[in-house]
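S.K.: Take a look at the following structure, please.
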Amino acid sequence: MDSVLSEDPVALKILIAGGFGVGKTTLVGSISEIKPLRTEEVLSDRGIGVDDLDGVEAKTTTTVAMDFGRITIREGLVVYLFGTPGQERFWFMWDELSYGALGAVVIADTRRLTDCFPSVDYFEQRGTPFVVAVNCFDGAEQHSVDDVRIALDLDDDVPVMLCDVRRRTSAKEVMITLVEHSLRTLTSAN
Amino acid sequence: MSDSPQWFDEEAGPLVRPYALIRGRTRSSGDAFDLVATVRAIGEPTGELGPEQQLILRAARSPISVADLAVELDLPVGVVRVLLGDMRDHGLISVTSSSAGGARTNERILKEVINGLRAL
Ligand SMILES: Nc1nc2c(ncn2[C@@H]2O[C@H](COP(=O)(O)OP(=O)(O)OP(=O)(O)O)[C@@H](O)[C@H]2O)c(=O)[nH]1
Ligand SMILES: [Mg+2]
């Protein structure tokens, strides 16, 4: 490779995961310019509701929109955020996204905490550093971070924090906590 | 999900379905391109290129990620990858990946990101 290529921009990937309607899109939009990224994928009939495609052949393509955001740290250093649907049938997207990813944010809603189990499981198994951000919806009973940690059976070193994904400062704090966690994971591995 | 597939563009008239663009192929030498890999134009456009390839060449005059290209062309990522695979095979673009493994292992960069986020 010639010397020009050695100046390649550094691109980092962060995943934003969590159950349906938990605040993924809002979080990405709070700290970056958000754009919808289309992925058109072949799905087996497995994940498709019976009512919408009755009688159609087993394979079909579907358009899935991912939240896609970009934070430019400096010229040549960019953090990309990808918010993906949390349902299991979208895991084909996660496999690719988590490859080489810096880490992941799992957003949790204490009223439906089980919704984030698949995400937590997924990142634990992949060894992807992640933090759990508890989105404090209005009217939701406030749970302590410790309650959430116990309910999710998280390792001690996994950061758990309360947040309001609508607020930029809160969203920023979540991202910083994640990158610090990734850094700790990295230095303890060396 | 609010976005519905748009096969028609009012100004340009009917557009081909994305998979017609790549003749129904869903796999190519571009499959392995990371979403955040960097694409650069290295060749000169020739008359044989389709409009999408022309757009890619123009957009990639300065380095651009695969995901940004898909957003800019308003095409599904899978389609963009197939187009990129072809274009690379024809020496029109280069694609380099920086996120695979390497970045996670770079302390200095992570510290820079933390400081950059704080300064946002
Ligand atoms: N009150 C309150 N509303 C919130 C908060 N976060 C998100 N919302 C609202 O909750 C709804 C869902 O948020 P989204 O960001 O779209 O959630 P999502 O995870 O992207 O949802 P899907 O992509 O459909 O899975 C939106 O109407 C938000 O405005 C919050 O912290 N407090
Ligand atoms: Mg969303």
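By order in the structure tokens, chains are A, B, ...; within a chain, residues start at 1; ligands start at 1, following the order shown.
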Extract, using only C-alpha atoms, all DNA, RNA and protein residues at most 9 Å from range 109-116 of chain A, discarding same-chain residues fewer than 2 positions from it, and format them as a PDB file with N, CA and C atoms, in the first residue's frame.

M.R.:
ATOM      1  N   ALA A  17     -28.830  -0.687  20.664  1.00  0.00           N
ATOM      2  CA  ALA A  17     -29.758  -1.810  20.637  1.00  0.00           C
ATOM      3  C   ALA A  17     -30.800  -1.664  21.728  1.00  0.00           C
ATOM      4  N   GLY A  18     -31.775  -2.534  21.703  1.00  0.00           N
ATOM      5  CA  GLY A  18     -32.830  -2.512  22.712  1.00  0.00           C
ATOM      6  C   GLY A  18     -34.162  -2.841  22.080  1.00  0.00           C
ATOM      7  N   GLY A  19     -35.150  -3.075  22.915  1.00  0.00           N
ATOM      8  CA  GLY A  19     -36.448  -3.526  22.439  1.00  0.00           C
ATOM      9  C   GLY A  19     -37.194  -2.477  21.639  1.00  0.00           C
ATOM     10  N   PHE A  20     -38.353  -2.863  21.191  1.00  0.00           N
ATOM     11  CA  PHE A  20     -39.223  -2.023  20.377  1.00  0.00           C
ATOM     12  C   PHE A  20     -39.624  -0.743  21.127  1.00  0.00           C
ATOM     13  N   VAL A  22     -37.992   1.670  22.502  1.00  0.00           N
ATOM     14  CA  VAL A  22     -37.319   1.955  23.760  1.00  0.00           C
ATOM     15  C   VAL A  22     -36.548   3.277  23.732  1.00  0.00           C
ATOM     16  N   GLY A  23     -36.360   3.836  22.529  1.00  0.00           N
ATOM     17  CA  GLY A  23     -35.670   5.114  22.424  1.00  0.00           C
ATOM     18  C   GLY A  23     -34.400   5.100  21.591  1.00  0.00           C
ATOM     19  N   GLY A  86     -34.440  -4.576  17.608  1.00  0.00           N
ATOM     20  CA  GLY A  86     -33.934  -5.526  18.594  1.00  0.00           C
ATOM     21  C   GLY A  86     -34.438  -6.954  18.444  1.00  0.00           C
ATOM     22  N   GLN A  87     -35.418  -7.146  17.580  1.00  0.00           N
ATOM     23  CA  GLN A  87     -35.986  -8.488  17.485  1.00  0.00           C
ATOM     24  C   GLN A  87     -34.979  -9.472  16.912  1.00  0.00           C
ATOM     25  N   VAL A 106     -27.089  -0.766  25.128  1.00  0.00           N
ATOM     26  CA  VAL A 106     -28.380  -1.455  25.227  1.00  0.00           C
ATOM     27  C   VAL A 106     -29.310  -0.544  26.012  1.00  0.00           C
ATOM     28  N   ILE A 107     -30.362  -0.085  25.361  1.00  0.00           N
ATOM     29  CA  ILE A 107     -31.315   0.783  26.045  1.00  0.00           C
ATOM     30  C   ILE A 107     -32.396  -0.089  26.681  1.00  0.00           C
ATOM     31  N   PRO A 118     -32.533 -10.216  25.002  1.00  0.00           N
ATOM     32  CA  PRO A 118     -31.822 -10.743  23.827  1.00  0.00           C
ATOM     33  C   PRO A 118     -30.585  -9.914  23.481  1.00  0.00           C
ATOM     34  N   SER A 119     -30.690  -8.588  23.597  1.00  0.00           N
ATOM     35  CA  SER A 119     -29.533  -7.747  23.275  1.00  0.00           C
ATOM     36  C   SER A 119     -28.384  -8.009  24.235  1.00  0.00           C
ATOM     37  N   VAL A 120     -28.714  -8.070  25.523  1.00  0.00           N
ATOM     38  CA  VAL A 120     -27.676  -8.308  26.526  1.00  0.00           C
ATOM     39  C   VAL A 120     -26.994  -9.649  26.274  1.00  0.00           C
ATOM     40  N   ASP A 121     -27.813 -10.674  26.048  1.00  0.00           N
ATOM     41  CA  ASP A 121     -27.278 -12.002  25.750  1.00  0.00           C
ATOM     42  C   ASP A 121     -26.349 -11.975  24.556  1.00  0.00           C
ATOM     43  N   ALA A 133     -28.188   1.409  29.294  1.00  0.00           N
ATOM     44  CA  ALA A 133     -28.700   2.746  29.580  1.00  0.00           C
ATOM     45  C   ALA A 133     -30.200   2.628  29.832  1.00  0.00           C
ATOM     46  N   VAL A 134     -30.607   2.930  31.045  1.00  0.00           N
ATOM     47  CA  VAL A 134     -32.018   2.821  31.416  1.00  0.00           C
ATOM     48  C   VAL A 134     -32.700   4.133  31.059  1.00  0.00           C
ATOM     49  N   ASN A 135     -33.570   4.073  30.065  1.00  0.00           N
ATOM     50  CA  ASN A 135     -34.251   5.283  29.604  1.00  0.00           C
ATOM     51  C   ASN A 135     -35.398   5.601  30.564  1.00  0.00           C
ATOM     52  N   CYS A 136     -35.319   6.777  31.177  1.00  0.00           N
ATOM     53  CA  CYS A 136     -36.315   7.129  32.190  1.00  0.00           C
ATOM     54  C   CYS A 136     -37.516   7.794  31.544  1.00  0.00           C
ATOM     55  N   PHE A 137     -38.482   6.985  31.147  1.00  0.00           N
ATOM     56  CA  PHE A 137     -39.715   7.525  30.580  1.00  0.00           C
ATOM     57  C   PHE A 137     -40.523   8.207  31.680  1.00  0.00           C
ATOM     58  N   ALA A 140     -42.743   6.349  34.478  1.00  0.00           N
ATOM     59  CA  ALA A 140     -42.222   5.028  34.827  1.00  0.00           C
ATOM     60  C   ALA A 140     -41.635   5.097  36.231  1.00  0.00           C
ATOM     61  N   GLU A 141     -41.868   4.068  36.975  1.00  0.00           N
ATOM     62  CA  GLU A 141     -41.342   4.015  38.327  1.00  0.00           C
ATOM     63  C   GLU A 141     -39.810   4.020  38.246  1.00  0.00           C
ATOM     64  N   GLN A 142     -39.187   4.808  39.060  1.00  0.00           N
ATOM     65  CA  GLN A 142     -37.727   4.857  39.038  1.00  0.00           C
ATOM     66  C   GLN A 142     -37.141   3.639  39.755  1.00  0.00           C
ATOM     67  N   HIS A 143     -36.349   2.917  39.028  1.00  0.00           N
ATOM     68  CA  HIS A 143     -35.668   1.794  39.664  1.00  0.00           C
ATOM     69  C   HIS A 143     -34.221   2.170  39.870  1.00  0.00           C
ATOM     70  N   VAL A 148     -31.642  -2.966  38.397  1.00  0.00           N
ATOM     71  CA  VAL A 148     -31.547  -3.338  36.994  1.00  0.00           C
ATOM     72  C   VAL A 148     -30.395  -4.317  36.776  1.00  0.00           C
ATOM     73  N   ALA A 151     -31.556  -7.642  38.022  1.00  0.00           N
ATOM     74  CA  ALA A 151     -32.585  -8.224  37.159  1.00  0.00           C
ATOM     75  C   ALA A 151     -32.004  -8.746  35.853  1.00  0.00           C
ATOM     76  N   LEU A 152     -30.987  -8.063  35.342  1.00  0.00           N
ATOM     77  CA  LEU A 152     -30.387  -8.473  34.077  1.00  0.00           C
ATOM     78  C   LEU A 152     -29.222  -9.440  34.274  1.00  0.00           C
TER      79      LEU A 152
END

S.K.: Would you list the contacts of Thr96 in chain B as an mmCIF file with N, CA and C atoms, in the first residue's frame, taking every protein, DNA or RNA residue within 7 Å and counting only C-alpha atoms, but skipping same-chain residues closer than 3 positions in sequence?

M.R.:
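Just written: part-v1.cif:
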data_model
loop_
_atom_site.group_PDB
_atom_site.id
_atom_site.type_symbol
_atom_site.label_atom_id
_atom_site.label_comp_id
_atom_site.auth_asym_id
_atom_site.auth_seq_id
_atom_site.Cartn_x
_atom_site.Cartn_y
_atom_site.Cartn_z
ATOM 1 N N ALA B 37 -16.333 0.890 5.854
ATOM 2 C CA ALA B 37 -15.121 0.882 5.038
ATOM 3 C C ALA B 37 -15.083 2.162 4.197
ATOM 4 N N THR B 38 -13.867 2.574 3.872
ATOM 5 C CA THR B 38 -13.701 3.821 3.127
ATOM 6 C C THR B 38 -13.597 3.557 1.625
ATOM 7 N N VAL B 39 -14.405 4.240 0.871
ATOM 8 C CA VAL B 39 -14.404 4.100 -0.586
ATOM 9 C C VAL B 39 -13.757 5.337 -1.197
#

S.K.: Assign secondary structure with DSSP using the backbone only, and return the residues of range 43-185 of chain A in alpha helix (DSSP H) as a PyMOL selection string.

M.R.: chain A and resi 91-98+117-126+145-152+168-185

S.K.: Of the candidates A:Leu186, A:Ala65, A:Val160, A:Ala11, which shows the shortest atom-to-atom distance to ligand 1, using only C-alpha atoms and all ligand atoms?

M.R.: A:Ala65

S.K.: Here is a test: counting only C-alpha atoms, which residue of A:Thr185, A:Gln125, A:Ser144, A:Thr26 is nearest to chain B?

M.R.: A:Thr185

S.K.: Counting only C-alpha atoms, which residue out of B:Val77, B:Leu55, B:Ala119, B:Ala41 sits closest to chain A?

M.R.: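 The closest residue to chain A is B:Val77.
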
S.K.: What does the list of residues within 7 Å of ligand 2 look like if you count only C-alpha atoms and all ligand atoms, written as a PyMOL selection string?

M.R.: chain A and resi 21+23-25+67

S.K.: Determine which residues of chain A sit within 9 Å of chain B, taking into account only C-alpha atoms, and present them as an MDAnalysis selection string.

M.R.: chainID A and resid 5 8:13 31 35:42 63:65 68 71:74 77:80 96:97 99:103 172:173 175:177 179:180 182:183 186:187

S.K.: Only N, CA and C atoms, please: the residues just picked out, written as a compact mmCIF listing (two decimals), in the first residue's frame.

M.R.:
# COMPACT_ATOMS: atom_id res chain seq x y z
N LEU A 5 -2.62 5.78 1.40
CA LEU A 5 -3.61 4.92 2.04
C LEU A 5 -3.40 4.82 3.55
N ASP A 8 -5.71 6.71 5.88
CA ASP A 8 -7.13 6.41 5.82
C ASP A 8 -7.86 6.90 7.05
N PRO A 9 -9.05 7.42 6.83
CA PRO A 9 -9.85 7.83 7.98
C PRO A 9 -10.08 6.65 8.92
N VAL A 10 -10.14 6.92 10.20
CA VAL A 10 -10.49 5.89 11.16
C VAL A 10 -11.99 5.96 11.40
N ALA A 11 -12.66 4.84 11.21
CA ALA A 11 -14.11 4.79 11.37
C ALA A 11 -14.45 3.81 12.48
N LEU A 12 -15.15 4.28 13.48
CA LEU A 12 -15.53 3.42 14.59
C LEU A 12 -17.03 3.20 14.57
N LYS A 13 -17.42 1.98 14.93
CA LYS A 13 -18.84 1.63 14.93
C LYS A 13 -19.36 1.45 16.35
N ILE A 31 -27.57 12.97 19.50
CA ILE A 31 -26.15 13.32 19.45
C ILE A 31 -25.57 13.32 18.06
N LYS A 35 -29.78 9.71 9.86
CA LYS A 35 -30.31 9.43 8.54
C LYS A 35 -30.78 7.98 8.50
N PRO A 36 -31.82 7.71 7.75
CA PRO A 36 -32.23 6.32 7.63
C PRO A 36 -31.36 5.60 6.62
N LEU A 37 -30.86 4.46 6.99
CA LEU A 37 -30.04 3.65 6.09
C LEU A 37 -30.86 2.44 5.70
N ARG A 38 -31.02 2.24 4.40
CA ARG A 38 -31.84 1.11 3.96
C ARG A 38 -31.02 -0.14 3.78
N THR A 39 -31.48 -1.20 4.34
CA THR A 39 -30.89 -2.49 4.05
C THR A 39 -32.02 -3.34 3.51
N GLU A 40 -31.84 -3.89 2.36
CA GLU A 40 -32.88 -4.74 1.80
C GLU A 40 -32.38 -6.16 1.87
N GLU A 41 -33.11 -6.97 2.57
CA GLU A 41 -32.57 -8.28 2.88
C GLU A 41 -33.57 -9.37 2.52
N VAL A 42 -33.00 -10.52 2.22
CA VAL A 42 -33.84 -11.69 1.99
C VAL A 42 -34.16 -12.29 3.34
N THR A 63 -37.47 -4.39 3.22
CA THR A 63 -36.62 -3.24 3.48
C THR A 63 -36.65 -2.94 4.96
N VAL A 64 -35.47 -2.90 5.52
CA VAL A 64 -35.33 -2.60 6.94
C VAL A 64 -34.59 -1.29 7.05
N ALA A 65 -35.14 -0.35 7.78
CA ALA A 65 -34.44 0.91 7.95
C ALA A 65 -33.67 0.89 9.27
N PHE A 68 -28.97 5.64 11.40
CA PHE A 68 -27.56 5.78 11.08
C PHE A 68 -27.12 7.20 11.42
N ILE A 71 -20.79 10.97 14.09
CA ILE A 71 -20.19 12.01 14.93
C ILE A 71 -18.75 12.19 14.46
N THR A 72 -18.45 13.37 13.97
CA THR A 72 -17.08 13.62 13.53
C THR A 72 -16.27 14.16 14.70
N ILE A 73 -15.30 13.37 15.12
CA ILE A 73 -14.44 13.78 16.24
C ILE A 73 -13.42 14.80 15.73
N ARG A 74 -12.83 14.47 14.63
CA ARG A 74 -11.95 15.40 13.90
C ARG A 74 -11.87 14.88 12.48
N LEU A 77 -11.38 11.07 11.82
CA LEU A 77 -11.78 10.22 12.94
C LEU A 77 -13.28 10.39 13.17
N VAL A 78 -14.01 9.35 12.79
CA VAL A 78 -15.47 9.44 12.81
C VAL A 78 -16.06 8.27 13.57
N VAL A 79 -17.06 8.58 14.39
CA VAL A 79 -17.81 7.52 15.08
C VAL A 79 -19.16 7.37 14.39
N TYR A 80 -19.46 6.16 13.97
CA TYR A 80 -20.75 5.88 13.33
C TYR A 80 -21.66 5.15 14.31
N GLU A 96 -23.15 -8.57 11.36
CA GLU A 96 -22.26 -7.76 10.56
C GLU A 96 -21.87 -6.49 11.30
N LEU A 97 -22.83 -5.87 11.96
CA LEU A 97 -22.56 -4.61 12.64
C LEU A 97 -21.60 -4.78 13.80
N TYR A 99 -19.27 -6.84 14.13
CA TYR A 99 -17.92 -7.22 13.73
C TYR A 99 -17.00 -5.98 13.78
N GLY A 100 -16.02 -6.03 14.64
CA GLY A 100 -15.10 -4.90 14.75
C GLY A 100 -15.69 -3.68 15.43
N ALA A 101 -16.90 -3.82 16.03
CA ALA A 101 -17.51 -2.66 16.66
C ALA A 101 -16.79 -2.29 17.94
N LEU A 102 -16.78 -1.00 18.21
CA LEU A 102 -16.17 -0.49 19.42
C LEU A 102 -16.98 -0.92 20.64
N GLY A 103 -18.28 -0.98 20.48
CA GLY A 103 -19.13 -1.38 21.59
C GLY A 103 -20.58 -1.13 21.27
N LYS A 172 -24.84 12.07 25.46
CA LYS A 172 -23.38 12.20 25.41
C LYS A 172 -22.71 11.39 26.52
N GLU A 173 -23.29 11.52 27.70
CA GLU A 173 -22.75 10.80 28.85
C GLU A 173 -22.77 9.29 28.62
N MET A 175 -22.61 7.76 25.74
CA MET A 175 -21.58 7.41 24.77
C MET A 175 -20.19 7.42 25.41
N ILE A 176 -19.94 8.45 26.24
CA ILE A 176 -18.64 8.54 26.90
C ILE A 176 -18.42 7.34 27.82
N THR A 177 -19.47 6.98 28.56
CA THR A 177 -19.37 5.82 29.45
C THR A 177 -19.03 4.56 28.66
N VAL A 179 -17.44 4.35 25.67
CA VAL A 179 -16.08 4.34 25.12
C VAL A 179 -15.06 4.14 26.24
N GLU A 180 -15.33 4.72 27.42
CA GLU A 180 -14.44 4.48 28.56
C GLU A 180 -14.43 3.00 28.94
N SER A 182 -15.08 0.49 26.89
CA SER A 182 -14.34 -0.21 25.83
C SER A 182 -12.83 -0.07 26.05
N LEU A 183 -12.43 1.12 26.44
CA LEU A 183 -11.01 1.37 26.70
C LEU A 183 -10.50 0.51 27.86
N LEU A 186 -10.18 -3.02 26.82
CA LEU A 186 -9.00 -3.14 25.97
C LEU A 186 -7.72 -3.20 26.79
N THR A 187 -7.59 -2.27 27.74
CA THR A 187 -6.34 -2.22 28.49
C THR A 187 -6.21 -3.41 29.43

S.K.: Would you give me, as a VMD selection string, the residues in chain A that DSSP reads as strand (DSSP E or B)?

M.R.: chain A and resid 10 to 18 33 to 43 60 to 74 77 to 83 103 to 108 130 to 135 160 to 163

S.K.: Rounded to one decimal in Å, what is the spacing between CA of Val131 in chain A and CA of Val158 in chain A?

M.R.: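 Answer for the CA of Val131 in chain A to CA of Val158 in chain A separation: 5.9 Å.
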
S.K.: Within 7 Å of Gly43 in chain B, counting only C-alpha atoms, which residues qualify if same-chain residues fewer than 5 places away don't, as number ranges by chain?

M.R.: B: 91-93

S.K.: Using only C-alpha atoms and all ligand atoms, find the one residue out of A:Thr128, A:Ser98, A:Ser32, A:Ser170 that sits nearest to ligand 1.

M.R.: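 Answer, going by the shortest atom-to-atom distance: A:Ser170.
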
S.K.: Quick one: distance from CA of Asp157 in chain A to atom 14 (P, counted along the ligand's line) of ligand 1 in Å, one decimal?

M.R.: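 Computed distance, CA of Asp157 in chain A to atom 14 (P, counted along the ligand's line) of ligand 1, equals 27.5 Å.
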
S.K.: Which value, in Å to one decimal, gives the distance between CA of Ser30 in chain A and CA of Thr169 in chain A?

M.R.: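 Rounded to one decimal, the two atoms are 8.7 Å apart.
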
S.K.: Between A:Thr84, A:Ala171, A:Gly139, A:Phe130, which has the minimum distance to Pro159 in chain A (counting only C-alpha atoms)?

M.R.: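 Closest to Pro159 in chain A, using only C-alpha atoms: A:Phe130.
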